[in-house]
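Okay, run04.csv is below, CSV, C-alpha atoms:
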chain,number,residue,atom,x,y,z
A,1,MET,CA,69.8,77.1,90.3
A,2,SER,CA,66.2,76.3,90.8
A,3,LEU,CA,64.5,77.7,93.9
A,4,SER,CA,61.5,75.4,94.6
A,5,SER,CA,62.5,73.3,97.6
A,6,ASN,CA,64.8,72.8,100.6
A,7,GLN,CA,66.9,70.4,98.5
A,8,ASN,CA,67.4,73.0,95.9
A,9,MET,CA,68.5,75.5,98.5
A,10,GLU,CA,71.1,73.0,99.8
A,11,PHE,CA,72.3,72.5,96.2
A,12,ILE,CA,72.7,76.2,95.7
A,13,LEU,CA,74.7,76.5,98.9
A,14,GLU,CA,76.9,73.5,98.0
A,15,GLN,CA,77.7,75.2,94.7
A,16,LEU,CA,79.1,78.2,96.5
A,17,GLY,CA,82.1,76.2,97.5
A,18,GLU,CA,83.1,76.0,93.8
A,19,ILE,CA,83.7,79.8,93.6
A,20,LYS,CA,87.4,80.0,92.6
A,21,GLN,CA,90.0,81.8,94.7
A,22,ILE,CA,91.4,84.8,92.8
A,23,GLU,CA,95.1,85.9,93.0
A,24,PRO,CA,95.3,89.6,94.1
A,25,ASN,CA,97.1,92.2,92.1
A,26,ALA,CA,100.9,91.9,92.2
A,27,GLN,CA,101.1,95.6,93.0
A,28,LEU,CA,99.1,95.2,96.2
A,29,ALA,CA,102.1,95.0,98.5
A,30,LEU,CA,103.5,98.2,97.0
A,31,LYS,CA,100.2,100.0,97.4
A,32,ILE,CA,99.9,98.8,101.0
A,33,HIS,CA,103.5,100.0,101.8
A,34,GLN,CA,102.6,103.4,100.3
A,35,LYS,CA,99.5,103.6,102.4
A,36,ILE,CA,101.3,102.7,105.5
A,37,GLN,CA,104.0,105.3,104.7
A,38,GLU,CA,101.4,107.9,104.0
A,39,LYS,CA,99.6,107.2,107.3
A,40,GLU,CA,102.9,107.4,109.2
A,41,ASN,CA,103.8,110.7,107.6
A,42,ARG,CA,100.3,112.0,108.4
A,43,LEU,CA,100.8,111.0,112.0
A,44,LYS,CA,104.3,112.6,112.1
A,45,ARG,CA,102.8,115.8,110.6
A,46,ARG,CA,100.1,115.9,113.2
A,47,TYR,CA,102.7,115.5,116.0
A,48,GLN,CA,104.7,118.3,114.5
A,49,ILE,CA,101.7,120.6,114.3
A,50,ALA,CA,100.8,119.7,117.9
A,51,VAL,CA,104.3,120.5,119.1
A,52,CYS,CA,104.3,123.8,117.2
A,53,ILE,CA,101.0,124.8,118.7
A,54,PHE,CA,102.3,123.9,122.2
A,55,LEU,CA,105.5,125.9,121.7
A,56,LEU,CA,103.6,128.8,120.4
A,57,PHE,CA,101.3,128.7,123.4
A,58,ILE,CA,104.3,128.4,125.8
A,59,SER,CA,106.2,131.2,124.2
A,60,SER,CA,103.1,133.5,124.2
A,61,GLU,CA,102.7,132.8,127.9
A,62,PHE,CA,106.3,133.6,128.5
A,63,PHE,CA,106.0,136.8,126.5
A,64,MET,CA,102.9,137.9,128.4
A,65,ALA,CA,104.6,137.1,131.8
A,66,TYR,CA,107.6,139.0,130.7
A,67,LYS,CA,105.5,142.0,129.6
A,68,ASN,CA,103.7,141.9,132.9
A,69,PHE,CA,106.9,141.8,134.8
A,70,GLN,CA,108.4,144.7,132.8
A,71,SER,CA,105.3,146.9,133.2
A,72,LYS,CA,105.4,146.2,137.0
A,73,GLN,CA,109.0,147.2,137.1
A,74,ASN,CA,108.3,150.3,135.1
A,75,ASN,CA,105.5,151.2,137.5
A,76,HIS,CA,107.7,150.6,140.4
A,77,SER,CA,110.5,152.9,139.1
A,78,GLU,CA,108.0,155.6,138.3
A,79,LEU,CA,106.6,155.4,141.7
A,80,THR,CA,110.0,155.6,143.4
A,81,ALA,CA,110.8,158.6,141.3
A,82,ILE,CA,107.5,160.3,142.3
A,83,ILE,CA,108.0,159.4,145.9
A,84,TYR,CA,111.6,160.6,145.8
A,85,LYS,CA,110.5,163.9,144.2
A,86,THR,CA,107.6,164.4,146.6
A,87,HIS,CA,109.9,163.6,149.5
A,88,ASN,CA,112.3,166.2,148.3
A,89,VAL,CA,109.5,168.7,147.8
A,90,LEU,CA,108.2,168.0,151.3
A,91,TYR,CA,111.7,168.3,152.7
A,92,HIS,CA,112.3,171.6,151.1
A,93,GLU,CA,108.9,172.9,152.2
B,94,MET,CA,105.9,86.9,112.8
B,95,THR,CA,107.0,89.8,110.7
B,96,PHE,CA,104.5,92.0,108.8
B,97,GLU,CA,105.9,90.8,105.5
B,98,SER,CA,105.4,87.1,106.3
B,99,ILE,CA,101.8,87.8,107.6
B,100,PHE,CA,101.1,89.7,104.4
B,101,SER,CA,102.3,87.0,102.1
B,102,ALA,CA,100.5,84.3,104.1
B,103,TYR,CA,97.1,86.1,104.3
B,104,GLN,CA,96.8,88.5,101.4
B,105,LYS,CA,95.0,86.0,99.2
B,106,MET,CA,92.6,85.1,102.0
B,107,VAL,CA,91.8,88.7,102.8
B,108,PHE,CA,91.4,89.7,99.2
B,109,ASN,CA,89.0,86.8,98.4
B,110,LEU,CA,87.0,87.4,101.6
B,111,ALA,CA,86.5,91.0,100.7
B,112,LEU,CA,85.6,90.0,97.1
B,113,HIS,CA,82.8,87.8,98.5
B,114,TYR,CA,81.4,90.8,100.3
B,115,VAL,CA,81.7,93.5,97.6
B,116,GLN,CA,82.0,91.4,94.4
B,117,GLN,CA,84.1,94.1,92.7
B,118,VAL,CA,87.9,93.7,92.3
B,119,GLU,CA,88.8,97.4,92.8
B,120,ASP,CA,86.8,97.6,96.0
B,121,ALA,CA,88.2,94.3,97.3
B,122,GLU,CA,91.7,95.6,96.7
B,123,GLU,CA,90.9,98.8,98.6
B,124,ILE,CA,89.5,96.8,101.5
B,125,THR,CA,92.6,94.5,101.5
B,126,GLN,CA,94.9,97.5,101.6
B,127,ASP,CA,93.0,98.9,104.6
B,128,VAL,CA,93.0,95.6,106.4
B,129,PHE,CA,96.8,95.3,106.1
B,130,VAL,CA,97.3,98.9,107.2
B,131,LYS,CA,95.3,98.0,110.3
B,132,VAL,CA,97.2,94.8,110.8
B,133,HIS,CA,100.5,96.8,110.6
B,134,GLN,CA,99.2,99.3,113.1
B,135,ASN,CA,97.9,96.8,115.6
B,136,LEU,CA,100.5,94.0,115.3
B,137,ASN,CA,102.2,95.0,118.5
B,138,SER,CA,98.9,94.9,120.4
B,139,PHE,CA,98.0,91.4,119.1
B,140,GLN,CA,98.3,89.3,122.2
B,141,GLY,CA,97.9,85.9,120.6
B,142,ASN,CA,94.7,85.1,122.6
B,143,SER,CA,93.2,83.9,119.3
B,144,ASP,CA,94.7,82.4,116.2
B,145,MET,CA,96.4,84.9,113.9
B,146,SER,CA,94.1,83.9,111.0
B,147,THR,CA,91.0,84.4,113.3
B,148,TRP,CA,92.3,87.9,114.2
B,149,ILE,CA,92.9,88.8,110.5
B,150,TYR,CA,89.5,87.4,109.5
B,151,ARG,CA,87.8,89.6,112.1
B,152,ILE,CA,89.6,92.7,110.9
B,153,ALA,CA,88.7,91.8,107.2
B,154,ILE,CA,85.1,91.2,108.0
B,155,ASN,CA,84.7,94.4,109.9
B,156,GLN,CA,86.6,96.4,107.3
B,157,SER,CA,84.3,94.9,104.5
B,158,LEU,CA,81.2,95.7,106.4
B,159,ASP,CA,82.4,99.2,107.2
B,160,PHE,CA,83.3,99.8,103.6
B,161,ILE,CA,79.8,98.7,102.5
B,162,LYS,CA,78.1,100.9,105.1
B,163,ALA,CA,80.2,103.9,104.0
B,164,LYS,CA,79.3,103.3,100.4
B,165,GLN,CA,75.7,103.0,101.2
B,166,SER,CA,75.5,106.2,103.3
B,167,GLN,CA,77.5,108.0,100.6
B,168,LYS,CA,75.0,107.0,98.0
B,169,ARG,CA,72.1,107.8,100.2
B,170,SER,CA,73.3,111.3,101.1
B,171,LEU,CA,74.1,112.1,97.5
B,172,LEU,CA,70.6,111.1,96.4
B,173,ASN,CA,69.1,113.0,99.3
B,174,ARG,CA,71.0,116.1,98.3
B,175,LEU,CA,70.0,115.8,94.7
B,176,PHE,CA,66.4,115.0,95.0
B,177,SER,CA,65.6,115.5,98.7
B,178,LEU,CA,64.2,112.0,98.9
B,179,ASP,CA,64.6,110.6,102.4
B,180,GLU,CA,62.8,107.3,101.9
B,181,ILE,CA,64.4,106.4,98.6
B,182,GLU,CA,65.1,102.6,98.4
B,183,THR,CA,68.0,102.7,95.9
B,184,HIS,CA,70.9,102.8,98.3
B,185,GLN,CA,71.9,99.1,97.9
B,186,TYR,CA,75.6,98.5,97.5
B,187,PRO,CA,77.1,96.9,95.5
B,188,VAL,CA,74.8,97.6,92.6
B,189,ASN,CA,76.6,95.5,90.0
B,190,VAL,CA,77.8,92.1,90.8
B,191,ASN,CA,81.1,91.3,89.1
B,192,HIS,CA,82.7,88.4,91.0
B,193,PRO,CA,85.7,87.1,88.9
B,194,GLY,CA,85.7,83.8,90.8
B,195,VAL,CA,82.5,82.5,89.2
B,196,VAL,CA,82.5,80.4,86.1
B,197,MET,CA,81.1,82.1,83.0
B,198,GLU,CA,78.4,79.5,82.3
B,199,GLN,CA,76.9,80.0,85.8
B,200,LYS,CA,77.5,83.7,86.0
B,201,GLU,CA,73.8,84.6,85.8
B,202,ALA,CA,72.9,82.2,88.6
B,203,TYR,CA,75.7,83.4,90.8
B,204,ASP,CA,74.8,87.1,90.1
B,205,LEU,CA,71.3,86.3,91.4
B,206,PHE,CA,72.7,84.7,94.5
B,207,PHE,CA,75.0,87.6,95.3
B,208,LYS,CA,72.3,90.1,94.7
B,209,ALA,CA,70.1,88.2,97.3
B,210,LEU,CA,73.1,87.8,99.6
B,211,ASN,CA,73.7,91.5,99.6
B,212,LEU,CA,70.1,92.1,100.9
B,213,LEU,CA,70.7,90.0,104.0
B,214,PRO,CA,71.6,91.5,107.4
B,215,ALA,CA,75.4,91.7,108.0
B,216,ASN,CA,75.7,88.8,110.4
B,217,GLN,CA,73.7,86.4,108.2
B,218,LYS,CA,75.7,87.4,105.2
B,219,THR,CA,78.9,86.7,107.2
B,220,ALA,CA,77.7,83.3,108.3
B,221,LEU,CA,76.9,82.3,104.8
B,222,ILE,CA,80.1,83.5,103.4
B,223,LEU,CA,82.3,81.8,106.0
B,224,LEU,CA,80.4,78.5,106.1
B,225,LYS,CA,79.5,78.0,102.5
B,226,ILE,CA,81.8,80.1,100.3
B,227,GLU,CA,85.0,80.0,102.5
B,228,GLN,CA,84.0,76.4,103.6
B,229,LYS,CA,85.0,77.1,107.2
B,230,SER,CA,83.9,74.6,109.8
B,231,GLN,CA,81.2,75.6,112.3
B,232,LYS,CA,83.8,75.8,115.1
B,233,GLU,CA,86.1,78.1,113.1
B,234,THR,CA,83.1,80.3,112.0
B,235,ALA,CA,81.8,80.5,115.5
B,236,GLU,CA,85.2,81.6,116.8
B,237,ILE,CA,85.6,84.2,114.1
B,238,MET,CA,82.1,85.6,114.7
B,239,GLY,CA,82.4,85.4,118.5
B,240,LEU,CA,79.4,83.1,118.8
B,241,ASN,CA,78.7,79.7,120.3
B,242,ILE,CA,77.9,76.8,118.0
B,243,LYS,CA,74.2,76.9,118.9
B,244,ALA,CA,73.8,80.6,118.1
B,245,LEU,CA,75.7,80.1,114.9
B,246,GLU,CA,73.4,77.2,113.9
B,247,SER,CA,70.3,79.3,114.5
B,248,LEU,CA,71.8,82.3,112.7
B,249,PHE,CA,72.7,80.1,109.7
B,250,HIS,CA,69.1,78.6,109.7
B,251,ARG,CA,67.6,82.1,109.6
B,252,ALA,CA,70.1,83.2,106.9
B,253,LYS,CA,69.1,80.2,104.7
B,254,ILE,CA,65.4,81.0,105.0
B,255,ASN,CA,66.0,84.7,104.4
B,256,LEU,CA,68.2,84.0,101.4
B,257,GLU,CA,65.6,81.8,99.9
B,258,LEU,CA,63.0,84.6,100.2
B,259,LYS,CA,65.4,87.1,98.7
B,260,LEU,CA,66.3,84.8,95.9
B,261,LYS,CA,62.6,84.4,95.1
B,262,LEU,CA,62.2,88.1,95.2
B,263,GLN,CA,65.2,88.6,92.9
B,264,LYS,CA,63.8,86.1,90.5
B,265,GLY,CA,60.5,87.8,90.6
B,266,LEU,CA,62.1,91.1,89.8
B,267,LYS,CA,64.0,89.7,86.8

Produce structure tokens that represent the structure in this file.
Amino acid sequence: MSLSSNQNMEFILEQLGEIKQIEPNAQLALKIHQKIQEKENRLKRRYQIAVCIFLLFISSEFFMAYKNFQSKQNNHSELTAIIYKTHNVLYHE
Amino acid sequence: MTFESIFSAYQKMVFNLALHYVQQVEDAEEITQDVFVKVHQNLNSFQGNSDMSTWIYRIAINQSLDFIKAKQSQKRSLLNRLFSLDEIETHQYPVNVNHPGVVMEQKEAYDLFFKALNLLPANQKTALILLKIEQKSQKETAEIMGLNIKALESLFHRAKINLELKLKLQKGLK
């Protein structure tokens, strides 16, 4: 491949068509299937993690709401007891 | 068309195209794997606006160029970390040309050609590979590259001039 002129450049480029086609490895299909499987599994795992995080978030919200509700109810019963007592005291006085 | 039939019809084409880009069998195999994983993922969204082979060619070209970019940046950052040299010029990939499709007697000449080809901008390299190595017609190449014929002709002209310069440079370095 000489490089001196346009003609030589054309010659070089024409030679490129002679590069032989190579057969890929016979194991290629298997490797691709493994990669596809791996990718699908990774995606599944990501969905599972996302669902777990979502469930954790929802359950913690429920827990907080329940706690809140319970403490409100406790406050309420304490107050009624106090009011009842005070009423009684006032009544007796 | 099922994935299996697409794979058996296009695996050789994708592998050889990747081989022209990276000139290493192992890397070309890796690119081929990634191309078919992408094809599998996007097969349902392929609307048939273009030919199946054009679509696969585009995926293969983009995957090959991304692979080269990733390798180059990997190399650059490793060198930067080791020597703290930002302007180092040794991040060319592939470093060793080992294309199994070239005949032994002309290996040296082809190595020189591929080394020069690897120094070209991505679109010039693609034009040369498709037109001259893959022997695609101008129409097919223009369609794959998303260009019109005129733009492709001018790109090819620039690629030729650039390649000649790089070949001279490579010969001078030798």

Excluding B:Tyr203 and any residue of its chain fewer than 5 positions from it, enumerate the residues within 12 Å of it, using only C-alpha atoms, and give them as a VMD selection string.
(chain A and resid 1 to 2 12 to 13 15 to 19) or (chain B and resid 113 116 190 to 198 208 to 210 226 260 263)

Output as a PyMOL selection string the set of chain B residues within 7 Å of chain A, with distances taken over only C-alpha atoms.
chain B and resi 105+108-109+126+129-130+194-195+202+225-228

Atom pair atom CA of B:Ile161 / atom CA of B:Tyr114: separation (Å)
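We find that atom CA of B:Ile161 and atom CA of B:Tyr114 lie 8.4 Å from each other.
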
Kindly give the distance, in Å, that separates atom CA of B:Asn216 and atom CA of B:Arg251, rounded to a single decimal.
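One can read the atom CA of B:Asn216 to atom CA of B:Arg251 distance as 10.5 Å.
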
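We find atom CA of A:Asn68 and atom CA of A:Ile82 to be spaced 21.0 Å apart.
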
Show me, as a short mmCIF file (atom, residue, chain, number, x, y, z; two decimals) with C-alpha atoms, in the frame of the given file, the residues that have an atom within 12 Å of B:Lys232 when counting only C-alpha atoms, minus same-chain residues fewer than 6 positions from it.
data_model
loop_
_atom_site.label_atom_id
_atom_site.label_comp_id
_atom_site.auth_asym_id
_atom_site.auth_seq_id
_atom_site.Cartn_x
_atom_site.Cartn_y
_atom_site.Cartn_z
CA THR B 147 91.00 84.40 113.30
CA ALA B 220 77.70 83.30 108.30
CA LEU B 223 82.30 81.80 106.00
CA LEU B 224 80.40 78.50 106.10
CA MET B 238 82.10 85.60 114.70
CA GLY B 239 82.40 85.40 118.50
CA LEU B 240 79.40 83.10 118.80
CA ASN B 241 78.70 79.70 120.30
CA ILE B 242 77.90 76.80 118.00
CA LYS B 243 74.20 76.90 118.90
CA ALA B 244 73.80 80.60 118.10
CA LEU B 245 75.70 80.10 114.90
CA GLU B 246 73.40 77.20 113.90
#

Near-B:Ser143 list (12 Å; only C-alpha atoms; drop same-chain fewer than 4 positions) as a PDB file with C-alpha atoms, keeping the file's coordinate frame:
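Final output, saved to part_24.pdb:
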ATOM      1  CA  PHE B 139      98.000  91.400 119.100  1.00  0.00           C
ATOM      2  CA  THR B 147      91.000  84.400 113.300  1.00  0.00           C
ATOM      3  CA  TRP B 148      92.300  87.900 114.200  1.00  0.00           C
ATOM      4  CA  ILE B 149      92.900  88.800 110.500  1.00  0.00           C
ATOM      5  CA  TYR B 150      89.500  87.400 109.500  1.00  0.00           C
ATOM      6  CA  ARG B 151      87.800  89.600 112.100  1.00  0.00           C
ATOM      7  CA  GLU B 233      86.100  78.100 113.100  1.00  0.00           C
ATOM      8  CA  GLU B 236      85.200  81.600 116.800  1.00  0.00           C
ATOM      9  CA  ILE B 237      85.600  84.200 114.100  1.00  0.00           C
ATOM     10  CA  GLY B 239      82.400  85.400 118.500  1.00  0.00           C
TER      11      GLY B 239
END

Of the candidates B:Met94, B:Ala153, B:Leu205, B:Leu136, which one gets nearest to B:Ala121 if we count all atoms listed in the file?
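Ranked by minimum distance to B:Ala121, first place goes to B:Ala153.
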
Generate N, CA, C and O atoms for stretch 112-131 of chain B and emit them as a PDB file, in the coordinates of the input.
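Now in selection.pdb:
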ATOM      1  N   LEU B 112      86.276  90.168  98.441  1.00  0.00           N
ATOM      2  CA  LEU B 112      85.600  90.000  97.100  1.00  0.00           C
ATOM      3  C   LEU B 112      84.227  89.359  97.301  1.00  0.00           C
ATOM      4  O   LEU B 112      83.286  89.738  96.604  1.00  0.00           O
ATOM      5  N   HIS B 113      84.095  88.432  98.235  1.00  0.00           N
ATOM      6  CA  HIS B 113      82.800  87.800  98.500  1.00  0.00           C
ATOM      7  C   HIS B 113      81.792  88.853  99.032  1.00  0.00           C
ATOM      8  O   HIS B 113      80.607  88.778  98.790  1.00  0.00           O
ATOM      9  N   TYR B 114      82.316  89.811  99.778  1.00  0.00           N
ATOM     10  CA  TYR B 114      81.400  90.800 100.300  1.00  0.00           C
ATOM     11  C   TYR B 114      81.024  91.887  99.306  1.00  0.00           C
ATOM     12  O   TYR B 114      79.881  92.293  99.270  1.00  0.00           O
ATOM     13  N   VAL B 115      81.993  92.349  98.500  1.00  0.00           N
ATOM     14  CA  VAL B 115      81.700  93.500  97.600  1.00  0.00           C
ATOM     15  C   VAL B 115      81.573  93.121  96.129  1.00  0.00           C
ATOM     16  O   VAL B 115      81.077  93.917  95.337  1.00  0.00           O
ATOM     17  N   GLN B 116      82.085  91.954  95.758  1.00  0.00           N
ATOM     18  CA  GLN B 116      82.000  91.400  94.400  1.00  0.00           C
ATOM     19  C   GLN B 116      82.538  92.385  93.316  1.00  0.00           C
ATOM     20  O   GLN B 116      82.060  92.400  92.176  1.00  0.00           O
ATOM     21  N   GLN B 117      83.489  93.206  93.708  1.00  0.00           N
ATOM     22  CA  GLN B 117      84.100  94.100  92.700  1.00  0.00           C
ATOM     23  C   GLN B 117      85.640  94.071  93.075  1.00  0.00           C
ATOM     24  O   GLN B 117      86.011  94.300  94.231  1.00  0.00           O
ATOM     25  N   VAL B 118      86.460  93.841  92.071  1.00  0.00           N
ATOM     26  CA  VAL B 118      87.900  93.700  92.300  1.00  0.00           C
ATOM     27  C   VAL B 118      88.523  94.952  92.911  1.00  0.00           C
ATOM     28  O   VAL B 118      89.276  94.877  93.877  1.00  0.00           O
ATOM     29  N   GLU B 119      88.180  96.122  92.369  1.00  0.00           N
ATOM     30  CA  GLU B 119      88.800  97.400  92.800  1.00  0.00           C
ATOM     31  C   GLU B 119      88.483  97.631  94.299  1.00  0.00           C
ATOM     32  O   GLU B 119      89.353  97.990  95.093  1.00  0.00           O
ATOM     33  N   ASP B 120      87.207  97.415  94.646  1.00  0.00           N
ATOM     34  CA  ASP B 120      86.800  97.600  96.000  1.00  0.00           C
ATOM     35  C   ASP B 120      87.432  96.618  96.970  1.00  0.00           C
ATOM     36  O   ASP B 120      87.841  96.952  98.089  1.00  0.00           O
ATOM     37  N   ALA B 121      87.523  95.375  96.504  1.00  0.00           N
ATOM     38  CA  ALA B 121      88.200  94.300  97.300  1.00  0.00           C
ATOM     39  C   ALA B 121      89.624  94.656  97.566  1.00  0.00           C
ATOM     40  O   ALA B 121      90.154  94.435  98.659  1.00  0.00           O
ATOM     41  N   GLU B 122      90.269  95.230  96.551  1.00  0.00           N
ATOM     42  CA  GLU B 122      91.700  95.600  96.700  1.00  0.00           C
ATOM     43  C   GLU B 122      91.808  96.747  97.740  1.00  0.00           C
ATOM     44  O   GLU B 122      92.717  96.735  98.571  1.00  0.00           O
ATOM     45  N   GLU B 123      90.879  97.692  97.667  1.00  0.00           N
ATOM     46  CA  GLU B 123      90.900  98.800  98.600  1.00  0.00           C
ATOM     47  C   GLU B 123      90.721  98.294 100.056  1.00  0.00           C
ATOM     48  O   GLU B 123      91.422  98.713 100.976  1.00  0.00           O
ATOM     49  N   ILE B 124      89.774  97.367 100.212  1.00  0.00           N
ATOM     50  CA  ILE B 124      89.500  96.800 101.500  1.00  0.00           C
ATOM     51  C   ILE B 124      90.780  96.049 102.011  1.00  0.00           C
ATOM     52  O   ILE B 124      91.206  96.192 103.163  1.00  0.00           O
ATOM     53  N   THR B 125      91.398  95.267 101.125  1.00  0.00           N
ATOM     54  CA  THR B 125      92.600  94.500 101.500  1.00  0.00           C
ATOM     55  C   THR B 125      93.714  95.454 101.948  1.00  0.00           C
ATOM     56  O   THR B 125      94.386  95.181 102.946  1.00  0.00           O
ATOM     57  N   GLN B 126      93.865  96.556 101.240  1.00  0.00           N
ATOM     58  CA  GLN B 126      94.900  97.500 101.600  1.00  0.00           C
ATOM     59  C   GLN B 126      94.606  98.037 103.061  1.00  0.00           C
ATOM     60  O   GLN B 126      95.494  98.063 103.909  1.00  0.00           O
ATOM     61  N   ASP B 127      93.342  98.411 103.300  1.00  0.00           N
ATOM     62  CA  ASP B 127      93.000  98.900 104.600  1.00  0.00           C
ATOM     63  C   ASP B 127      93.166  97.899 105.720  1.00  0.00           C
ATOM     64  O   ASP B 127      93.557  98.233 106.839  1.00  0.00           O
ATOM     65  N   VAL B 128      92.855  96.652 105.393  1.00  0.00           N
ATOM     66  CA  VAL B 128      93.000  95.600 106.400  1.00  0.00           C
ATOM     67  C   VAL B 128      94.485  95.465 106.788  1.00  0.00           C
ATOM     68  O   VAL B 128      94.806  95.429 107.981  1.00  0.00           O
ATOM     69  N   PHE B 129      95.384  95.464 105.810  1.00  0.00           N
ATOM     70  CA  PHE B 129      96.800  95.300 106.100  1.00  0.00           C
ATOM     71  C   PHE B 129      97.405  96.536 106.789  1.00  0.00           C
ATOM     72  O   PHE B 129      98.340  96.412 107.575  1.00  0.00           O
ATOM     73  N   VAL B 130      96.852  97.691 106.499  1.00  0.00           N
ATOM     74  CA  VAL B 130      97.300  98.900 107.200  1.00  0.00           C
ATOM     75  C   VAL B 130      96.924  98.739 108.694  1.00  0.00           C
ATOM     76  O   VAL B 130      97.722  99.019 109.590  1.00  0.00           O
ATOM     77  N   LYS B 131      95.726  98.238 108.941  1.00  0.00           N
ATOM     78  CA  LYS B 131      95.300  98.000 110.300  1.00  0.00           C
ATOM     79  C   LYS B 131      96.111  96.945 111.013  1.00  0.00           C
ATOM     80  O   LYS B 131      96.463  97.074 112.182  1.00  0.00           O
TER      81      LYS B 131
END
